>>> print(open('protein.cif').read())   # mmCIF, C-alpha atoms
data_structure
#
loop_
_atom_site.label_atom_id
_atom_site.label_comp_id
_atom_site.auth_asym_id
_atom_site.auth_seq_id
_atom_site.Cartn_x
_atom_site.Cartn_y
_atom_site.Cartn_z
CA MET A 1 7.51 -18.16 -11.93
CA ARG A 2 9.56 -16.06 -14.34
CA ASN A 3 13.13 -15.56 -13.07
CA ASN A 4 11.78 -13.52 -10.12
CA THR A 5 11.38 -10.48 -12.37
CA ASN A 6 9.42 -9.64 -15.49
CA TRP A 7 12.00 -7.13 -16.67
CA TRP A 8 10.86 -7.49 -20.28
CA LYS A 9 7.39 -6.25 -19.27
CA TYR A 10 8.89 -2.88 -18.37
CA GLN A 11 10.82 -2.36 -21.63
CA GLY A 12 9.85 -0.29 -24.66
CA ASP A 13 7.72 2.40 -22.99
CA SER A 14 9.36 5.26 -21.10
CA ARG A 15 6.72 5.22 -18.33
CA TYR A 16 7.22 1.48 -17.72
CA GLU A 17 11.00 1.93 -17.83
CA LYS A 18 10.80 4.69 -15.21
CA VAL A 19 8.71 2.46 -12.92
CA TYR A 20 11.22 -0.38 -13.42
CA GLU A 21 14.12 1.96 -12.62
CA GLN A 22 12.40 3.01 -9.38
CA MET A 23 11.79 -0.66 -8.55
CA GLN A 24 15.50 -1.38 -8.99
CA LEU A 25 16.52 1.59 -6.82
CA LEU A 26 14.19 0.45 -4.01
CA SER A 27 14.99 -3.28 -4.41
CA ILE A 28 11.37 -4.12 -5.22
CA GLN A 29 10.95 -7.47 -6.97
CA ASP A 30 8.26 -8.37 -9.49
CA VAL A 31 7.11 -11.82 -8.30
CA THR A 32 4.19 -12.22 -10.67
CA THR A 33 3.44 -15.86 -11.54
CA ASP A 34 2.53 -16.97 -15.07
CA ARG A 35 -1.10 -17.42 -14.07
CA GLN A 36 -1.29 -13.97 -12.46
CA TYR A 37 0.30 -12.42 -15.54
CA LYS A 38 -2.28 -14.07 -17.84
CA ASN A 39 -5.04 -12.67 -15.61
CA GLY A 40 -3.61 -9.14 -15.82
CA THR A 41 -2.21 -9.09 -12.28
CA ILE A 42 1.22 -7.74 -11.30
CA VAL A 43 2.65 -8.54 -7.85
CA TRP A 44 5.56 -6.72 -6.21
CA ARG A 45 7.52 -7.92 -3.18
CA LEU A 46 9.03 -5.13 -1.10
CA PRO A 47 12.36 -5.50 0.72
CA ILE A 48 10.53 -4.91 4.01
CA LEU A 49 9.82 -7.74 6.39
CA SER A 50 6.25 -8.07 7.58
CA ASP A 51 5.18 -8.88 11.13
CA LYS A 52 4.96 -12.53 10.10
CA PRO A 53 8.38 -14.25 10.39
CA ASP A 54 10.44 -14.57 7.21
CA THR A 55 7.81 -13.01 4.92
CA TYR A 56 7.96 -9.79 2.99
CA ILE A 57 5.22 -7.28 2.26
CA GLU A 58 3.59 -7.62 -1.17
CA TYR A 59 1.38 -5.32 -3.24
CA ALA A 60 -0.54 -6.16 -6.41
CA SER A 61 -2.12 -4.37 -9.35
CA PHE A 62 -5.24 -6.03 -10.77
CA LYS A 63 -6.76 -5.79 -14.25
CA SER A 64 -10.06 -4.83 -12.58
CA GLY A 65 -8.51 -1.48 -11.59
CA TYR A 66 -7.70 -2.24 -7.96
CA VAL A 67 -4.35 -1.84 -6.21
CA ARG A 68 -4.20 -3.98 -3.08
CA ASN A 69 -1.93 -5.03 -0.26
CA GLN A 70 -1.57 -8.78 -0.59
CA GLY A 71 -2.54 -9.55 3.00
CA VAL A 72 0.71 -11.07 4.28
CA ASP A 73 0.13 -9.66 7.78
CA CYS A 74 -3.61 -10.24 7.86
CA ARG A 75 -6.11 -12.69 6.41
CA SER A 76 -7.41 -10.43 3.66
CA ASN A 77 -6.20 -7.92 1.11
CA TRP A 78 -7.20 -4.31 1.41
CA GLN A 79 -7.68 -1.78 -1.33
CA CYS A 80 -5.12 0.99 -1.66
CA ASN A 81 -7.12 2.91 -4.26
CA LYS A 82 -8.32 6.40 -3.43
CA ARG A 83 -11.84 6.53 -2.03
CA LYS A 84 -14.73 8.58 -3.39
CA GLN A 85 -18.40 9.09 -2.57
CA SER A 86 -20.72 7.10 -4.78
CA GLU A 87 -23.84 8.50 -6.37
CA PRO A 88 -26.70 8.44 -3.85
CA GLN A 89 -29.25 5.65 -4.14
CA TYR A 90 -32.82 6.06 -2.93
CA TYR A 91 -34.88 3.29 -1.37
CA PRO A 92 -38.59 3.56 -0.61
CA GLU A 93 -39.80 3.48 2.98
CA TYR A 94 -42.41 0.83 3.78
CA GLU A 95 -44.88 0.34 6.59
CA TRP A 96 -47.14 -2.55 7.47
CA LYS A 97 -50.87 -2.10 6.88
CA ASN A 98 -53.33 -4.96 7.19
CA GLY A 99 -50.53 -7.53 6.92
CA TYR A 100 -48.97 -5.99 3.78
CA GLN A 101 -46.00 -3.75 3.21
CA VAL A 102 -47.10 -0.45 1.68
CA LYS A 103 -44.87 2.37 0.43
CA THR A 104 -45.22 5.52 2.51
CA GLY A 105 -44.07 7.90 -0.21
CA LYS A 106 -40.84 8.69 1.65
CA TYR A 107 -37.40 7.57 0.50
CA TYR A 108 -34.17 6.77 2.31
CA LYS A 109 -31.00 8.23 0.80
CA HIS A 110 -28.05 5.83 0.86
CA GLU A 111 -24.47 6.89 0.04
CA VAL A 112 -21.36 4.76 0.28
CA ARG A 113 -17.66 5.31 -0.26
CA THR A 114 -16.25 3.29 -3.13
CA CYS A 115 -12.81 2.77 -4.58
CA GLU A 116 -11.75 4.92 -7.50
CA LEU A 117 -10.69 2.29 -10.03
CA ILE A 118 -7.62 2.84 -12.20
CA PRO A 119 -8.33 1.13 -15.54
CA ILE A 120 -4.96 1.74 -17.26
CA GLU A 121 -2.16 -0.62 -16.17
CA ILE A 122 0.74 1.87 -16.26
CA GLU A 123 -1.28 4.36 -14.20
CA ARG A 124 -1.97 1.60 -11.63
CA LEU A 125 1.75 0.79 -11.46
CA GLU A 126 2.68 4.47 -11.05
CA TYR A 127 0.02 4.85 -8.35
CA MET A 128 1.21 1.67 -6.62
CA MET A 129 4.82 2.96 -6.65
CA LYS A 130 3.78 6.27 -5.07
CA TYR A 131 1.60 4.48 -2.52
CA VAL A 132 4.37 2.04 -1.56
CA ILE A 133 6.97 4.80 -1.20
CA LYS A 134 4.67 6.94 0.94
CA ASN A 135 3.06 4.23 3.08
CA GLU A 136 5.83 1.68 3.41
CA PHE A 137 9.27 3.22 2.81
CA ILE A 138 8.71 6.68 4.32
CA LYS A 139 6.29 5.55 7.03
CA ARG A 140 8.67 2.78 8.08
CA ALA A 141 11.84 4.87 7.77
CA ASN A 142 13.15 3.59 11.08
CA THR A 143 12.36 -0.07 10.42
CA VAL A 144 15.47 -2.16 10.09
CA GLN A 145 15.86 -5.26 7.95
CA THR A 146 15.33 -7.59 10.91
CA GLY A 147 11.78 -6.28 11.18
CA ASN A 148 12.31 -4.34 14.41
CA PHE A 149 10.43 -1.07 14.51
CA VAL A 150 11.26 1.77 16.86
CA PRO A 151 8.70 4.60 16.86
CA LYS A 152 10.23 8.05 17.05
CA TRP A 153 8.50 8.89 20.36
CA LYS A 154 9.89 5.71 21.94
CA HIS A 155 13.39 6.50 20.68
CA GLU A 156 13.17 10.05 22.04
CA ASN A 157 11.93 8.77 25.43
CA LEU A 158 14.78 6.26 25.67
CA LEU A 159 17.31 8.88 24.61
CA GLY A 160 15.97 11.26 27.25
CA ALA A 161 16.19 8.55 29.92
CA MET A 162 19.78 7.72 28.96
CA GLU A 163 20.78 11.39 29.00
CA ALA A 164 19.25 11.70 32.47
CA GLN A 165 21.34 8.74 33.67
CA CYS A 166 24.54 10.15 32.29
CA GLU A 167 24.71 13.87 33.07
CA ASP A 168 28.31 14.03 31.81
CA CYS A 169 27.28 12.68 28.39
CA ASP A 170 26.98 15.31 25.72
CA VAL A 171 25.47 13.18 22.92
CA LYS A 172 23.02 15.22 20.88
CA ASP A 173 22.99 13.09 17.74
CA VAL A 174 24.83 10.30 15.99
CA GLN A 175 26.13 10.54 12.44
CA VAL A 176 27.47 7.81 10.17
CA ILE A 177 29.49 8.30 6.99
CA ILE A 178 29.04 5.65 4.29
CA ASP A 179 30.78 6.02 0.94
CA GLY A 180 31.33 9.72 1.58
CA HIS A 181 27.68 10.41 2.38
CA ARG A 182 26.80 11.57 5.86
CA TYR A 183 23.67 10.12 7.48
CA LYS A 184 22.15 11.32 10.71
CA VAL A 185 20.81 8.51 12.88
CA ILE A 186 17.69 9.59 14.72
#
>>> encode(input="protein.cif", output="structure tokens")
Amino acid sequence: MRNNTNWWKYQGDSRYEKVYEQMQLLSIQDVTTDRQYKNGTIVWRLPILSDKPDTYIEYASFKSGYVRNQGVDCRSNWQCNKRKQSEPQYYPEYEWKNGYQVKTGKYYKHEVRTCELIPIEIERLEYMMKYVIKNEFIKRANTVQTGNFVPKWKHENLLGAMEAQCEDCDVKDVQVIIDGHRYKVI
């Protein structure tokens, strides 16, 4: 493995440098192995613990055009690419006559949803960055580093129950100041 980051891969092109800068801001590591790199695969490890103990969530960009979750929490990867309707395919209808299958003249229309492949590497990386921010960082905004997740509705229910227990309490919200920046805790 290359020093846990392929920083040199992101140098020389402003689009790659912007992706690398975003990776640094979000503490995303490039954990691509030599073999994966030779095959045109790039793997990122997010600073978010998965449901599996002591493992982090990983996403990968493949030369084939796919962007996938690396399946840390489950047994298989899943595609993160946008989905689109494929062109319809038509299959003839058959019926049995005298022991043989004979076409009836009717056709079945078959449509499936397929992944929209992203053939250009930098566009895959930009898409993967947007996908990760939206579906991991924003979606898991109240996940803490230990992996504990508190859904907003559960937090509000617990807060309501605590306020009911303590009628004299006048806690509406909690704010924390870190390095001069004020943060509101849910």
>>> atom_distance(input="protein.cif", atom1="CA of Val176 in chain A", atom2="CA of Asp54 in chain A")
28.3 Å
>>> closest_residue(input="protein.cif", among="A:Tyr90, A:Lys82, A:Ile122, A:Arg182", to="Glu17 in chain A", atoms="all atoms listed in the file")
A:Ile122
>>> atom_distance(input="protein.cif", atom1="CA of Gly160 in chain A", atom2="CA of Ser50 in chain A")
29.2 Å
>>> atom_distance(input="protein.cif", atom1="CA of Asn69 in chain A", atom2="CA of Ile28 in chain A")
14.2 Å
>>> residues_around(input="protein.cif", residues="range 110-112 of chain A", least_positions_apart="6", cutoff="6 Å", atoms="only C-alpha atoms", output="CSV table (one decimal) with C-alpha atoms, in the coordinates of the input")
chain,number,residue,atom,x,y,z
A,85,GLN,CA,-18.4,9.1,-2.6
A,86,SER,CA,-20.7,7.1,-4.8
A,88,PRO,CA,-26.7,8.4,-3.8
A,89,GLN,CA,-29.2,5.6,-4.1
>>> residues_around(input="protein.cif", residues="Leu26 in chain A", least_positions_apart="2", cutoff="12 Å", atoms="only C-alpha atoms", output="list in words")
Val19, Tyr20, Glu21, Gln22, Met23, Gln24, Ile28, Gln29, Asp30, Trp44, Arg45, Leu46, Pro47, Ile48, Met129, Lys130, Val132, Ile133, Glu136, Phe137 and Ile138 of chain A
>>> resolve_selection(input="protein.cif", expression="the PyMOL selection byres ((chain A and resi 60) around 7)", output="list of chain:residue names")
A:Thr41, A:Ile42, A:Val43, A:Trp44, A:Glu58, A:Tyr59, A:Ser61, A:Phe62, A:Val67, A:Arg68, A:Asn69, A:Gln70
>>> residues_around(input="protein.cif", residues="Pro119 in chain A", least_positions_apart="5", cutoff="10 Å", atoms="all atoms listed in the file", output="PyMOL selection string")
chain A and resi 62-66+124
>>> closest_residue(input="protein.cif", among="A:Ala164, A:Cys80, A:Lys106, A:Gly12", to="Asn135 in chain A", atoms="all atoms listed in the file")
A:Cys80
>>> closest_residue(input="protein.cif", among="A:Leu125, A:Tyr91, A:Asn157, A:Gly180", to="Lys109 in chain A", atoms="all atoms listed in the file")
A:Tyr91
>>> residues_around(input="protein.cif", residues="Gly105 in chain A", least_positions_apart="6", cutoff="10 Å", atoms="all atoms listed in the file", output="PyMOL selection string")
chain A and resi 92-94
>>> closest_residue(input="protein.cif", among="A:Gln175, A:Thr114, A:Gln101, A:Thr32", to="Gln79 in chain A", atoms="only C-alpha atoms")
A:Thr114
>>> build_atoms(input="protein.cif", residues="range 39-59 of chain A", atoms="N, CA, C and O atoms", output="PDB file, in the frame of the given file")
ATOM      1  N   ASN A  39      -3.817 -13.305 -16.112  1.00  0.00           N
ATOM      2  CA  ASN A  39      -5.040 -12.670 -15.610  1.00  0.00           C
ATOM      3  C   ASN A  39      -4.936 -11.156 -15.509  1.00  0.00           C
ATOM      4  O   ASN A  39      -5.878 -10.498 -15.084  1.00  0.00           O
ATOM      5  N   GLY A  40      -3.776 -10.585 -15.857  1.00  0.00           N
ATOM      6  CA  GLY A  40      -3.610  -9.140 -15.820  1.00  0.00           C
ATOM      7  C   GLY A  40      -3.222  -8.615 -14.439  1.00  0.00           C
ATOM      8  O   GLY A  40      -3.443  -7.449 -14.137  1.00  0.00           O
ATOM      9  N   THR A  41      -2.628  -9.468 -13.620  1.00  0.00           N
ATOM     10  CA  THR A  41      -2.210  -9.090 -12.280  1.00  0.00           C
ATOM     11  C   THR A  41      -0.702  -8.945 -12.223  1.00  0.00           C
ATOM     12  O   THR A  41       0.012  -9.743 -12.818  1.00  0.00           O
ATOM     13  N   ILE A  42      -0.214  -7.934 -11.518  1.00  0.00           N
ATOM     14  CA  ILE A  42       1.220  -7.740 -11.300  1.00  0.00           C
ATOM     15  C   ILE A  42       1.446  -7.673  -9.805  1.00  0.00           C
ATOM     16  O   ILE A  42       0.793  -6.895  -9.107  1.00  0.00           O
ATOM     17  N   VAL A  43       2.379  -8.483  -9.287  1.00  0.00           N
ATOM     18  CA  VAL A  43       2.650  -8.540  -7.850  1.00  0.00           C
ATOM     19  C   VAL A  43       4.082  -8.105  -7.582  1.00  0.00           C
ATOM     20  O   VAL A  43       5.006  -8.580  -8.240  1.00  0.00           O
ATOM     21  N   TRP A  44       4.238  -7.196  -6.616  1.00  0.00           N
ATOM     22  CA  TRP A  44       5.560  -6.720  -6.210  1.00  0.00           C
ATOM     23  C   TRP A  44       5.847  -7.170  -4.794  1.00  0.00           C
ATOM     24  O   TRP A  44       4.981  -7.103  -3.919  1.00  0.00           O
ATOM     25  N   ARG A  45       7.068  -7.593  -4.544  1.00  0.00           N
ATOM     26  CA  ARG A  45       7.520  -7.920  -3.180  1.00  0.00           C
ATOM     27  C   ARG A  45       8.489  -6.824  -2.754  1.00  0.00           C
ATOM     28  O   ARG A  45       9.496  -6.575  -3.404  1.00  0.00           O
ATOM     29  N   LEU A  46       8.182  -6.193  -1.622  1.00  0.00           N
ATOM     30  CA  LEU A  46       9.030  -5.130  -1.100  1.00  0.00           C
ATOM     31  C   LEU A  46      10.160  -5.724  -0.258  1.00  0.00           C
ATOM     32  O   LEU A  46      10.021  -6.804   0.297  1.00  0.00           O
ATOM     33  N   PRO A  47      11.262  -5.004  -0.108  1.00  0.00           N
ATOM     34  CA  PRO A  47      12.360  -5.500   0.720  1.00  0.00           C
ATOM     35  C   PRO A  47      12.136  -5.198   2.197  1.00  0.00           C
ATOM     36  O   PRO A  47      13.081  -4.962   2.942  1.00  0.00           O
ATOM     37  N   ILE A  48      10.889  -5.218   2.622  1.00  0.00           N
ATOM     38  CA  ILE A  48      10.530  -4.910   4.010  1.00  0.00           C
ATOM     39  C   ILE A  48       9.863  -6.136   4.613  1.00  0.00           C
ATOM     40  O   ILE A  48       8.876  -6.646   4.074  1.00  0.00           O
ATOM     41  N   LEU A  49      10.400  -6.590   5.716  1.00  0.00           N
ATOM     42  CA  LEU A  49       9.820  -7.740   6.390  1.00  0.00           C
ATOM     43  C   LEU A  49       8.482  -7.373   7.007  1.00  0.00           C
ATOM     44  O   LEU A  49       8.313  -6.271   7.535  1.00  0.00           O
ATOM     45  N   SER A  50       7.552  -8.300   6.953  1.00  0.00           N
ATOM     46  CA  SER A  50       6.250  -8.070   7.580  1.00  0.00           C
ATOM     47  C   SER A  50       6.334  -8.522   9.033  1.00  0.00           C
ATOM     48  O   SER A  50       7.378  -8.971   9.503  1.00  0.00           O
ATOM     49  N   ASP A  51       5.230  -8.431   9.746  1.00  0.00           N
ATOM     50  CA  ASP A  51       5.180  -8.880  11.130  1.00  0.00           C
ATOM     51  C   ASP A  51       5.244 -10.400  11.227  1.00  0.00           C
ATOM     52  O   ASP A  51       5.566 -10.944  12.270  1.00  0.00           O
ATOM     53  N   LYS A  52       4.901 -11.067  10.155  1.00  0.00           N
ATOM     54  CA  LYS A  52       4.960 -12.530  10.100  1.00  0.00           C
ATOM     55  C   LYS A  52       6.416 -12.934   9.833  1.00  0.00           C
ATOM     56  O   LYS A  52       7.050 -12.377   8.950  1.00  0.00           O
ATOM     57  N   PRO A  53       6.967 -13.890  10.553  1.00  0.00           N
ATOM     58  CA  PRO A  53       8.380 -14.250  10.390  1.00  0.00           C
ATOM     59  C   PRO A  53       8.745 -14.676   8.968  1.00  0.00           C
ATOM     60  O   PRO A  53       8.019 -15.434   8.334  1.00  0.00           O
ATOM     61  N   ASP A  54       9.862 -14.199   8.502  1.00  0.00           N
ATOM     62  CA  ASP A  54      10.440 -14.570   7.210  1.00  0.00           C
ATOM     63  C   ASP A  54       9.538 -14.339   6.002  1.00  0.00           C
ATOM     64  O   ASP A  54       9.625 -15.045   5.004  1.00  0.00           O
ATOM     65  N   THR A  55       8.648 -13.361   6.076  1.00  0.00           N
ATOM     66  CA  THR A  55       7.810 -13.010   4.920  1.00  0.00           C
ATOM     67  C   THR A  55       7.936 -11.521   4.651  1.00  0.00           C
ATOM     68  O   THR A  55       8.141 -10.727   5.570  1.00  0.00           O
ATOM     69  N   TYR A  56       7.828 -11.179   3.407  1.00  0.00           N
ATOM     70  CA  TYR A  56       7.960  -9.790   2.990  1.00  0.00           C
ATOM     71  C   TYR A  56       6.605  -9.239   2.562  1.00  0.00           C
ATOM     72  O   TYR A  56       5.729  -9.989   2.137  1.00  0.00           O
ATOM     73  N   ILE A  57       6.471  -7.942   2.630  1.00  0.00           N
ATOM     74  CA  ILE A  57       5.220  -7.280   2.260  1.00  0.00           C
ATOM     75  C   ILE A  57       5.083  -7.305   0.741  1.00  0.00           C
ATOM     76  O   ILE A  57       6.053  -7.077   0.020  1.00  0.00           O
ATOM     77  N   GLU A  58       3.860  -7.578   0.264  1.00  0.00           N
ATOM     78  CA  GLU A  58       3.590  -7.620  -1.170  1.00  0.00           C
ATOM     79  C   GLU A  58       2.403  -6.737  -1.520  1.00  0.00           C
ATOM     80  O   GLU A  58       1.456  -6.631  -0.746  1.00  0.00           O
ATOM     81  N   TYR A  59       2.475  -6.121  -2.698  1.00  0.00           N
ATOM     82  CA  TYR A  59       1.380  -5.320  -3.240  1.00  0.00           C
ATOM     83  C   TYR A  59       1.086  -5.836  -4.645  1.00  0.00           C
ATOM     84  O   TYR A  59       1.977  -6.355  -5.314  1.00  0.00           O
TER      85      TYR A  59
END
